[in-house]
Amino acid sequence: MKKRRDNTELICSIGELAGLFTDTTGLENFLQKTVTMIAQHMHSSVCSIYLYDDSSQLLTLYATYGLNQKVIKNVQLRLGEGLTGLCLKELRPICEQQASKNLNFKYFSGLGEEKFESFLAVPINRGANRIGAMVIQNKEKDFFTDVDVNTLRAISIQLVNTIEMARLMMLLSTPKTLPVKKFNIEDLRFLKGRVGAVGYAYAKGAVFQDDKQWSQMFDDVEIKNFTLKEFHQALKVTEKQIDDLQKDVEEKLADVASLIFSAQILMLKDQAFISLIEEKIAQGINPPFAVASVVDDYADKFLKIEDDYIREKSLDIRDVGVRIVANLLGGQHKPGAVKNKIVIARELLPSDVLKFSSKDVQGIILLTGGTTSHVSILAQSLKIPLIIVSRGELLEMPGDIDILMDADQGNIYLNPNKDILKSFAEKEAAKRTKVSVKAKTLTKDGQLVQLYANINLLGDLQTARVFKAQGIGLYRSEFPFIIRNSFPSEEEQFVIYNKLVEGMPGKEITFRTLDIGGDKVLSYFEQHSKENNPFLGMRSIRFSLAHQDVFAQQLRAILRAGAQAPLRIMFPMISSVDEFVQARQLARDCIDQLMIEGKICQQQPLFGLMLELPSVIEIIDALAAEADFFSIGTNDFIQYMLAVDRTNEKIANLYKPYHPSILRSFKRIVQSVLLKTDDISVCGDMAQDLKYLAFFIGIGIRKFSINPSFIPRVQAKIETIELGEAQRFAQKALSASSFSEIERLFI
Ligand code: PEP
Ligand code: MG
């Protein structure tokens with residue numbers, strides 16, 4: 001029988017809360033006084049406060065009354081782990097009358113929790129901002145009432161601001177003891193993540209963490225004294241290395257590689273930078289430390305500048321510094337470089353992925369980001385398997401761990417045993433021998449389906465040819481723009497586009513005009529970095545229409561390169577008929593102008609648009625009356641229709657391609673377009689996800705544009721589909737309106 005307690009006696013008064021600060025000698029002492037006070041108010045035997053660190057996604061016990069105080073800071077839970085982790089994850093109180101019977105209960109040895117049966121946890125949060133959790137426990141079963149739940153919640157609300165401040169101060173003042181979950185190989189033998197780019201890799205892991213580089217190089221090594229001459233030699237070697245790297249990248253990635261390492265080369269040539277190091281050496285500082293100190297100064301100054309582009313350069317300067325020091329230390333030191341490794345990183349820019357490719361990085365494990373983000377898309381083109389898994393402790397991984405990535409499934413194995421390795425080696429070998437494709441793709445009952453290639457980098461052309469792509473259904477023309485240090489000129493673009501056209505002689509080439517913005521930021525174009533909601537901002541066709549000089553140069557380069565080809569120009573992110581008509585008019589003006597100039601160009605390209613905004617649904621008939629062709633960009637369509645950022649790992653579970661609104665919108669769009677033309681394709685990632693193919697075929701799609709490496713498996717799947725069955729399947733999917741019904745069909 002529950003005891004009735006008077007709730008008025010439970011509420012803390014402001015006077016009492018203020019009293020918590022009197023005689024408080026430190027933050028930990030403050031939290032300790034808080035738990036003691038709450039335990040008394042709530043008549044509970046235990047009260048504990050856990051604080052949450054967003055970056056590691058860990059809850060750490062910081063204060064307790066009633067449990068073993070010796071384990072404070074050693075007890076850690078992941079978000080969602082145990083009842084306390086679950087309460088914070090779901091931001092709701094959890095009240096258990098016999099906690100040990102709950103499957104989610106997590107037992108920690110040494111904490112002394114076993115004798116307490118009643119359990120009540122409430123989150124400490126400000127809206128969606130997770131700060132921590134408060135837990136009270138009692139020996140008696142069935143002790144806490146609804147009144148207790150509300151009272152503890154009220155206390156947590158009163159204290160939230162103070163506790164948040166305490167948490168921040170503690171994290172800042174003890175950077176070395178940040179509650180980052182320790183790397184423990186036993187917890188991490190197998191990890192399941194989400195697939196960003198498919199493939200298989202087996203290599204040693206290397207953590208990509210710039211601020212740790214010096215300690216990785218200097219700690220635990222006895223550094224001998226170097227001379228000024230040796231420093232100069234190291235400079236020369238570094239310059240040659242970077243120069244070679246630049247050449248290597250240019251060879252492999254002609255379209256996007258230009259000047260990717262230019263910033264580094266420039267730094268090595270900067271006399272002021274070199275002189276500062278020389279001065280320090282003259283003062284008697286050992287050259288490796290002199291380099292580190294000057295590089296740190298520069299990098300810090302860059303970091304303080306309010307400009308993303310300059311801030312990014314602080315990484316470049318560190319990269320140069322690390323190279324110089326590594327060359328100085330020579331045989332003494334093997335830098336924790338990423339060459340031939342599987343890189344683990346918290347976040348990456350597209351340019352980082354390119355640099356990795358030039359260093360033969362074997363795979364990427366990313367802690368944040370989305371599977372359809374452009375970092376993932378680029379990695380796919382560069383054939384670097386990429387898995388997204390938010391486990392902060394991976395950043396603590398030592399350098400001698402072997403990693404096996406099965407990025408087809410999203411599986412990561414750390415120090416895998418012989419059996420796992422053998423079975424993967426066999427699977428990979430089987431995959432290599434089996435791949436063969438037919439020139440035509442037919443369904444089981446003989447319907448022709450066309451498979452086109454999405455090309456991100458010129459390097460994708462080779463795969464597109466080997467797998468007999470019908471043409472290019474989507475050329476993402478923005479990648480050469482993203483990587484460069486300034487807008488590529490018309491001539492530079494012409495050279496790249498020409499290679500694209502020559503790479504697929506006689507075949508349809510669909511150039512998508514510039515789609516920058518969102519997660520594809522031009523670091524040299526200042527306006528972009530200032531947006532609060534870049535995906536809803538100056539992105540894509542909006543940018544082109546606002547910067548018609550840039551747009552015209554691109555259109556001219558496309559029209560010239562496609563002079564002899566079946567050229568198709570596709571505008572991205574079109575939201576209205578007016579936008580499409582305006583963009584097409586600008587292209588037509590470019591044709592007129594080129595002809596006046598006597599330049600050879602394509603005079604009758606087809607004009608089409610990407611269907612990737614929900615606003616096209618209601619005007620699809622009018623668009624179909626204007627445009628020559630259409631392509632459904634599922635990646636953006638889903639993000640905008642469902643208001644789910646495609647790059648945000650935290651809400652990845654809400655990014656549901658099979659949402660009824662998405663499926664029904666596709667049906668509606670396709671039905672309307674087919675009345676005017678059959679030139680409609682699907683070019684987003686849904687097109688290469690085998691489980692959606694029958695649906696698309698069932699609603700009338702006969703053309704897909706996909707990453708060319710997916711052609712064999714997509715073709716094989718289509719060959720198993722029969723039209724009537726596909727239509728019935730689509731009908732079923734369209735009539736379902738709850739996730740559970742649809743999931744039964746697709747998952
Ligand atoms: C899409 O949005 O589905 C698409 C193909 O374009 P991108 O992924 O380049 O935004
Ligand atoms: Mg898109």
# chains A, B, ... in the order shown; residues from 1 in each chain; ligands from 1
$ residues_near_ligand --ligand "ligand 2" --cutoff "8 Å" --atoms "only C-alpha atoms and all ligand atoms" --output "VMD selection string"
chain A and resid 515 572 to 573 610 612 633 to 637 684
$ write_last_selection --atoms "all heavy atoms" --output "compact mmCIF listing (two decimals), in the first residue's frame"
# COMPACT_ATOMS: atom_id res chain seq x y z
N ASP A 515 23.94 22.95 -58.38
CA ASP A 515 23.07 22.72 -57.22
C ASP A 515 23.90 22.90 -55.95
O ASP A 515 24.14 21.95 -55.22
CB ASP A 515 22.46 21.31 -57.29
CG ASP A 515 21.53 21.01 -56.12
OD1 ASP A 515 21.09 21.96 -55.45
OD2 ASP A 515 21.26 19.83 -55.87
N PRO A 572 17.69 22.14 -61.20
CA PRO A 572 17.38 21.53 -59.90
C PRO A 572 16.48 22.41 -59.03
O PRO A 572 16.43 23.63 -59.22
CB PRO A 572 18.76 21.41 -59.25
CG PRO A 572 19.55 22.54 -59.84
CD PRO A 572 19.00 22.81 -61.21
N MET A 573 15.81 21.81 -58.11
CA MET A 573 15.04 22.50 -57.07
C MET A 573 14.04 23.52 -57.62
O MET A 573 13.87 24.59 -57.06
CB MET A 573 15.99 23.20 -56.10
CG MET A 573 15.96 22.58 -54.71
SD MET A 573 16.90 23.55 -53.56
CE MET A 573 15.64 24.43 -52.69
N MET A 610 14.21 18.88 -62.13
CA MET A 610 14.18 17.92 -61.03
C MET A 610 12.89 18.14 -60.26
O MET A 610 12.53 19.28 -59.95
CB MET A 610 15.33 18.17 -60.05
CG MET A 610 16.70 18.12 -60.61
SD MET A 610 17.47 16.52 -60.50
CE MET A 610 17.40 16.08 -58.79
N GLU A 612 11.76 17.79 -56.90
CA GLU A 612 12.29 17.49 -55.55
C GLU A 612 11.73 18.41 -54.47
O GLU A 612 12.17 18.36 -53.34
CB GLU A 612 13.83 17.49 -55.56
CG GLU A 612 14.48 18.63 -56.29
CD GLU A 612 15.99 18.48 -56.43
OE1 GLU A 612 16.58 17.53 -55.90
OE2 GLU A 612 16.58 19.35 -57.08
N GLY A 633 13.92 13.68 -57.79
CA GLY A 633 15.07 13.65 -56.88
C GLY A 633 14.56 13.25 -55.50
O GLY A 633 14.14 14.10 -54.71
N THR A 634 14.58 11.96 -55.24
CA THR A 634 13.95 11.48 -54.00
C THR A 634 14.67 12.00 -52.75
O THR A 634 14.04 12.20 -51.71
CB THR A 634 13.92 9.94 -53.95
OG1 THR A 634 15.27 9.46 -54.04
CG2 THR A 634 13.12 9.36 -55.10
N ASN A 635 15.98 12.22 -52.85
CA ASN A 635 16.73 12.63 -51.65
C ASN A 635 16.16 13.93 -51.09
O ASN A 635 15.90 14.06 -49.89
CB ASN A 635 18.21 12.85 -51.97
CG ASN A 635 18.86 11.61 -52.55
OD1 ASN A 635 18.33 10.52 -52.37
ND2 ASN A 635 19.96 11.78 -53.24
N ASP A 636 15.99 14.90 -51.98
CA ASP A 636 15.47 16.18 -51.51
C ASP A 636 13.96 16.13 -51.33
O ASP A 636 13.41 16.78 -50.44
CB ASP A 636 15.85 17.30 -52.48
CG ASP A 636 17.25 17.79 -52.19
OD1 ASP A 636 17.55 18.01 -51.00
OD2 ASP A 636 18.05 17.90 -53.13
N PHE A 637 13.30 15.38 -52.21
CA PHE A 637 11.84 15.33 -52.09
C PHE A 637 11.44 14.86 -50.69
O PHE A 637 10.57 15.45 -50.04
CB PHE A 637 11.25 14.39 -53.15
CG PHE A 637 9.77 14.56 -53.32
CD1 PHE A 637 9.26 15.42 -54.28
CD2 PHE A 637 8.88 13.90 -52.49
CE1 PHE A 637 7.90 15.61 -54.42
CE2 PHE A 637 7.51 14.09 -52.61
CZ PHE A 637 7.01 14.94 -53.58
N GLY A 684 17.08 9.91 -57.45
CA GLY A 684 17.58 9.96 -56.06
C GLY A 684 17.96 8.56 -55.59
O GLY A 684 17.81 7.58 -56.34
$ closest_atom_pairs --of "chain A" --to "ligand 1" --cutoff "10 Å" --atoms "only C-alpha atoms and all ligand atoms" --output "tab-separated table"
residue	atom	partner	partner_atom_place_in_ligand_line	distance
A:Thr372	CA	ligand 1	8 (O)	6.5
A:Ser373	CA	ligand 1	8 (O)	7.3
A:His374	CA	ligand 1	8 (O)	6.9
A:Ser376	CA	ligand 1	8 (O)	9.9
A:Ile377	CA	ligand 1	8 (O)	7.5
A:Asn454	CA	ligand 1	5 (C)	8.3
A:Asn456	CA	ligand 1	9 (O)	8.7
A:Gly473	CA	ligand 1	5 (C)	9.9
A:Leu474	CA	ligand 1	5 (C)	7.5
A:Tyr475	CA	ligand 1	9 (O)	8.9
A:Arg476	CA	ligand 1	9 (O)	6.2
A:Ser477	CA	ligand 1	9 (O)	9.2
A:Glu478	CA	ligand 1	9 (O)	8.7
A:Phe479	CA	ligand 1	9 (O)	9.8
A:Arg512	CA	ligand 1	9 (O)	9.0
A:Leu514	CA	ligand 1	9 (O)	9.7
A:Asp515	CA	ligand 1	9 (O)	7.0
A:Ile516	CA	ligand 1	10 (O)	8.9
A:Gly517	CA	ligand 1	10 (O)	9.9
A:Gly518	CA	ligand 1	10 (O)	8.8
A:Asp519	CA	ligand 1	10 (O)	9.2
A:Lys520	CA	ligand 1	10 (O)	9.2
A:Ser540	CA	ligand 1	10 (O)	9.0
A:Pro572	CA	ligand 1	6 (O)	7.7
A:Met573	CA	ligand 1	2 (O)	8.2
A:Met610	CA	ligand 1	4 (C)	7.8
A:Leu611	CA	ligand 1	2 (O)	8.4
A:Glu612	CA	ligand 1	2 (O)	6.0
A:Leu613	CA	ligand 1	2 (O)	9.0
A:Ser631	CA	ligand 1	5 (C)	8.3
A:Ile632	CA	ligand 1	3 (O)	6.7
A:Gly633	CA	ligand 1	3 (O)	3.0
A:Thr634	CA	ligand 1	3 (O)	3.9
A:Asn635	CA	ligand 1	3 (O)	3.5
A:Asp636	CA	ligand 1	2 (O)	3.8
A:Phe637	CA	ligand 1	2 (O)	6.3
A:Ile638	CA	ligand 1	3 (O)	8.3
A:Gln639	CA	ligand 1	2 (O)	8.5
A:Tyr640	CA	ligand 1	2 (O)	9.7
A:Arg646	CA	ligand 1	8 (O)	9.5
A:Val682	CA	ligand 1	3 (O)	8.1
A:Cys683	CA	ligand 1	5 (C)	5.0
A:Gly684	CA	ligand 1	3 (O)	3.4
A:Asp685	CA	ligand 1	3 (O)	6.3
A:Met686	CA	ligand 1	3 (O)	8.0
A:Ala687	CA	ligand 1	3 (O)	9.2
A:Ser705	CA	ligand 1	5 (C)	8.8
A:Ile706	CA	ligand 1	5 (C)	8.8
$ atom_distance --atom1 "CA of Leu594 in chain A" --atom2 "CA of Phe481 in chain A"
22.8 Å
$ closest_residue --among "A:Phe629, A:Tyr452, A:Tyr50, A:Tyr655" --to "Arg465 in chain A" --atoms "only C-alpha atoms"
A:Tyr452
$ residues_around --residues "Cys590 in chain A" --least-positions-apart "2" --cutoff "12 Å" --atoms "only C-alpha atoms" --output "number ranges by chain"
A: 548-549, 551-560, 583-588, 592-597, 599-605
$ atom_distance --atom1 "CA of Ile285 in chain A" --atom2 "CA of Lys240 in chain A"
25.5 Å
$ closest_atom_pairs --of "range 622-664 of chain A" --to "range 341-355 of chain A" --cutoff "12 Å" --atoms "only C-alpha atoms" --output "CSV"
residue,atom,partner,partner_atom,distance
A:Thr647,CA,A:Glu347,CA,11.0
A:Asn648,CA,A:Glu347,CA,11.5
A:Glu649,CA,A:Glu347,CA,11.3
$ residues_around --residues "range 63-68 of chain A" --least-positions-apart "3" --cutoff "8 Å" --atoms "only C-alpha atoms" --output "PDB file with N, CA, C and O atoms, in the first residue's frame"
ATOM      1  N   GLU A  28      30.817  20.556  -7.763  1.00  0.00           N
ATOM      2  CA  GLU A  28      30.478  19.200  -7.349  1.00  0.00           C
ATOM      3  C   GLU A  28      29.791  19.212  -5.985  1.00  0.00           C
ATOM      4  O   GLU A  28      28.831  18.486  -5.729  1.00  0.00           O
ATOM      5  N   LEU A  31      26.212  20.191  -6.488  1.00  0.00           N
ATOM      6  CA  LEU A  31      25.352  19.077  -6.917  1.00  0.00           C
ATOM      7  C   LEU A  31      25.089  18.120  -5.759  1.00  0.00           C
ATOM      8  O   LEU A  31      23.997  17.584  -5.604  1.00  0.00           O
ATOM      9  N   GLN A  32      26.119  17.932  -4.931  1.00  0.00           N
ATOM     10  CA  GLN A  32      25.975  17.024  -3.804  1.00  0.00           C
ATOM     11  C   GLN A  32      24.914  17.539  -2.827  1.00  0.00           C
ATOM     12  O   GLN A  32      24.080  16.794  -2.341  1.00  0.00           O
ATOM     13  N   VAL A  35      21.424  16.921  -4.352  1.00  0.00           N
ATOM     14  CA  VAL A  35      20.844  15.570  -4.240  1.00  0.00           C
ATOM     15  C   VAL A  35      20.422  15.278  -2.801  1.00  0.00           C
ATOM     16  O   VAL A  35      19.405  14.619  -2.558  1.00  0.00           O
ATOM     17  N   THR A  36      21.180  15.799  -1.852  1.00  0.00           N
ATOM     18  CA  THR A  36      20.830  15.558  -0.445  1.00  0.00           C
ATOM     19  C   THR A  36      19.482  16.215  -0.131  1.00  0.00           C
ATOM     20  O   THR A  36      18.595  15.603   0.475  1.00  0.00           O
ATOM     21  N   ALA A  39      16.603  14.307  -1.817  1.00  0.00           N
ATOM     22  CA  ALA A  39      16.315  13.023  -1.154  1.00  0.00           C
ATOM     23  C   ALA A  39      15.470  13.264   0.089  1.00  0.00           C
ATOM     24  O   ALA A  39      14.506  12.538   0.357  1.00  0.00           O
ATOM     25  N   SER A  45      15.428   7.111  -0.324  1.00  0.00           N
ATOM     26  CA  SER A  45      16.708   6.702   0.249  1.00  0.00           C
ATOM     27  C   SER A  45      17.858   7.142  -0.646  1.00  0.00           C
ATOM     28  O   SER A  45      19.000   7.227  -0.216  1.00  0.00           O
ATOM     29  N   VAL A  46      17.551   7.356  -1.928  1.00  0.00           N
ATOM     30  CA  VAL A  46      18.618   7.687  -2.891  1.00  0.00           C
ATOM     31  C   VAL A  46      18.177   8.850  -3.759  1.00  0.00           C
ATOM     32  O   VAL A  46      17.012   8.925  -4.156  1.00  0.00           O
ATOM     33  N   CYS A  47      19.111   9.719  -4.034  1.00  0.00           N
ATOM     34  CA  CYS A  47      18.883  10.695  -5.112  1.00  0.00           C
ATOM     35  C   CYS A  47      20.208  10.861  -5.852  1.00  0.00           C
ATOM     36  O   CYS A  47      21.261  11.016  -5.231  1.00  0.00           O
ATOM     37  N   SER A  48      20.166  10.791  -7.193  1.00  0.00           N
ATOM     38  CA  SER A  48      21.391  10.922  -7.986  1.00  0.00           C
ATOM     39  C   SER A  48      21.152  11.883  -9.136  1.00  0.00           C
ATOM     40  O   SER A  48      20.036  11.980  -9.655  1.00  0.00           O
ATOM     41  N   ILE A  49      22.235  12.574  -9.518  1.00  0.00           N
ATOM     42  CA  ILE A  49      22.152  13.439 -10.710  1.00  0.00           C
ATOM     43  C   ILE A  49      23.176  12.950 -11.726  1.00  0.00           C
ATOM     44  O   ILE A  49      24.358  12.751 -11.407  1.00  0.00           O
ATOM     45  N   TYR A  50      22.689  12.740 -12.938  1.00  0.00           N
ATOM     46  CA  TYR A  50      23.556  12.388 -14.064  1.00  0.00           C
ATOM     47  C   TYR A  50      23.593  13.594 -14.994  1.00  0.00           C
ATOM     48  O   TYR A  50      22.565  14.240 -15.214  1.00  0.00           O
ATOM     49  N   VAL A  71      32.086   5.694  -6.826  1.00  0.00           N
ATOM     50  CA  VAL A  71      32.001   5.412  -8.271  1.00  0.00           C
ATOM     51  C   VAL A  71      31.513   6.624  -9.082  1.00  0.00           C
ATOM     52  O   VAL A  71      31.327   6.537 -10.292  1.00  0.00           O
ATOM     53  N   ILE A  72      31.356   7.759  -8.395  1.00  0.00           N
ATOM     54  CA  ILE A  72      30.929   8.966  -9.107  1.00  0.00           C
ATOM     55  C   ILE A  72      31.891   9.212 -10.274  1.00  0.00           C
ATOM     56  O   ILE A  72      33.097   9.032 -10.149  1.00  0.00           O
ATOM     57  N   GLY A 110      29.139  -2.318  -7.864  1.00  0.00           N
ATOM     58  CA  GLY A 110      29.843  -1.340  -7.030  1.00  0.00           C
ATOM     59  C   GLY A 110      29.026  -0.104  -6.720  1.00  0.00           C
ATOM     60  O   GLY A 110      29.394   0.722  -5.893  1.00  0.00           O
ATOM     61  N   LEU A 111      27.883   0.050  -7.391  1.00  0.00           N
ATOM     62  CA  LEU A 111      27.088   1.255  -7.180  1.00  0.00           C
ATOM     63  C   LEU A 111      26.174   1.101  -5.948  1.00  0.00           C
ATOM     64  O   LEU A 111      25.833   2.081  -5.302  1.00  0.00           O
ATOM     65  N   GLY A 112      25.832  -0.143  -5.634  1.00  0.00           N
ATOM     66  CA  GLY A 112      25.011  -0.403  -4.457  1.00  0.00           C
ATOM     67  C   GLY A 112      23.538  -0.183  -4.693  1.00  0.00           C
ATOM     68  O   GLY A 112      22.782   0.144  -3.776  1.00  0.00           O
ATOM     69  N   GLU A 113      23.085  -0.368  -5.931  1.00  0.00           N
ATOM     70  CA  GLU A 113      21.686  -0.091  -6.271  1.00  0.00           C
ATOM     71  C   GLU A 113      20.762  -1.257  -5.988  1.00  0.00           C
ATOM     72  O   GLU A 113      19.549  -1.081  -5.966  1.00  0.00           O
TER      73      GLU A 113
END
$ closest_residue --among "A:Leu61, A:Leu382, A:Ala254, A:Ile242" --to "Lys499 in chain A" --atoms "only C-alpha atoms"
A:Ala254
$ residues_around --residues "range 276-282 of chain A" --least-positions-apart "5" --cutoff "8 Å" --atoms "only C-alpha atoms" --output "ChimeraX atom specification"
/A:228,287,290-291,294
$ decode --residues "range 58-78 of chain A" --atoms "N, CA and C atoms" --output "compact mmCIF listing (two decimals), in the first residue's frame"
# COMPACT_ATOMS: atom_id res chain seq x y z
N LEU A 58 26.85 10.63 -23.81
CA LEU A 58 26.95 9.83 -22.60
C LEU A 58 26.41 10.58 -21.40
N LEU A 59 25.77 9.82 -20.51
CA LEU A 59 25.31 10.35 -19.23
C LEU A 59 26.30 9.86 -18.18
N THR A 60 26.75 10.78 -17.33
CA THR A 60 27.71 10.38 -16.31
C THR A 60 27.15 10.74 -14.94
N LEU A 61 27.32 9.83 -14.00
CA LEU A 61 26.87 10.10 -12.63
C LEU A 61 27.79 11.14 -12.00
N TYR A 62 27.22 12.27 -11.56
CA TYR A 62 28.04 13.34 -10.99
C TYR A 62 27.83 13.53 -9.49
N ALA A 63 26.65 13.13 -8.99
CA ALA A 63 26.42 13.28 -7.55
C ALA A 63 25.40 12.26 -7.11
N THR A 64 25.59 11.73 -5.92
CA THR A 64 24.59 10.81 -5.41
C THR A 64 24.48 10.89 -3.89
N TYR A 65 23.27 10.76 -3.43
CA TYR A 65 23.01 10.61 -2.00
C TYR A 65 22.44 9.21 -1.87
N GLY A 66 23.08 8.36 -1.12
CA GLY A 66 22.51 7.03 -0.90
C GLY A 66 23.19 5.91 -1.65
N LEU A 67 23.91 6.23 -2.75
CA LEU A 67 24.66 5.18 -3.44
C LEU A 67 26.15 5.40 -3.15
N ASN A 68 26.96 4.47 -3.67
CA ASN A 68 28.39 4.53 -3.39
C ASN A 68 29.04 5.73 -4.08
N GLN A 69 29.50 6.67 -3.27
CA GLN A 69 30.06 7.90 -3.85
C GLN A 69 31.40 7.66 -4.55
N LYS A 70 32.03 6.54 -4.24
CA LYS A 70 33.35 6.29 -4.85
C LYS A 70 33.26 6.09 -6.37
N VAL A 71 32.09 5.69 -6.83
CA VAL A 71 32.00 5.41 -8.27
C VAL A 71 31.51 6.62 -9.08
N ILE A 72 31.36 7.76 -8.39
CA ILE A 72 30.93 8.97 -9.11
C ILE A 72 31.89 9.21 -10.27
N LYS A 73 31.37 9.58 -11.40
CA LYS A 73 32.07 9.83 -12.67
C LYS A 73 32.53 8.55 -13.37
N ASN A 74 32.43 7.41 -12.69
CA ASN A 74 32.79 6.17 -13.39
C ASN A 74 31.57 5.48 -13.97
N VAL A 75 30.40 5.87 -13.47
CA VAL A 75 29.19 5.23 -13.99
C VAL A 75 28.71 6.05 -15.19
N GLN A 76 28.71 5.40 -16.34
CA GLN A 76 28.30 6.11 -17.55
C GLN A 76 27.28 5.29 -18.33
N LEU A 77 26.34 5.99 -18.91
CA LEU A 77 25.29 5.34 -19.70
C LEU A 77 25.19 6.04 -21.04
N ARG A 78 24.92 5.28 -22.06
CA ARG A 78 24.66 5.91 -23.35
C ARG A 78 23.21 6.40 -23.36
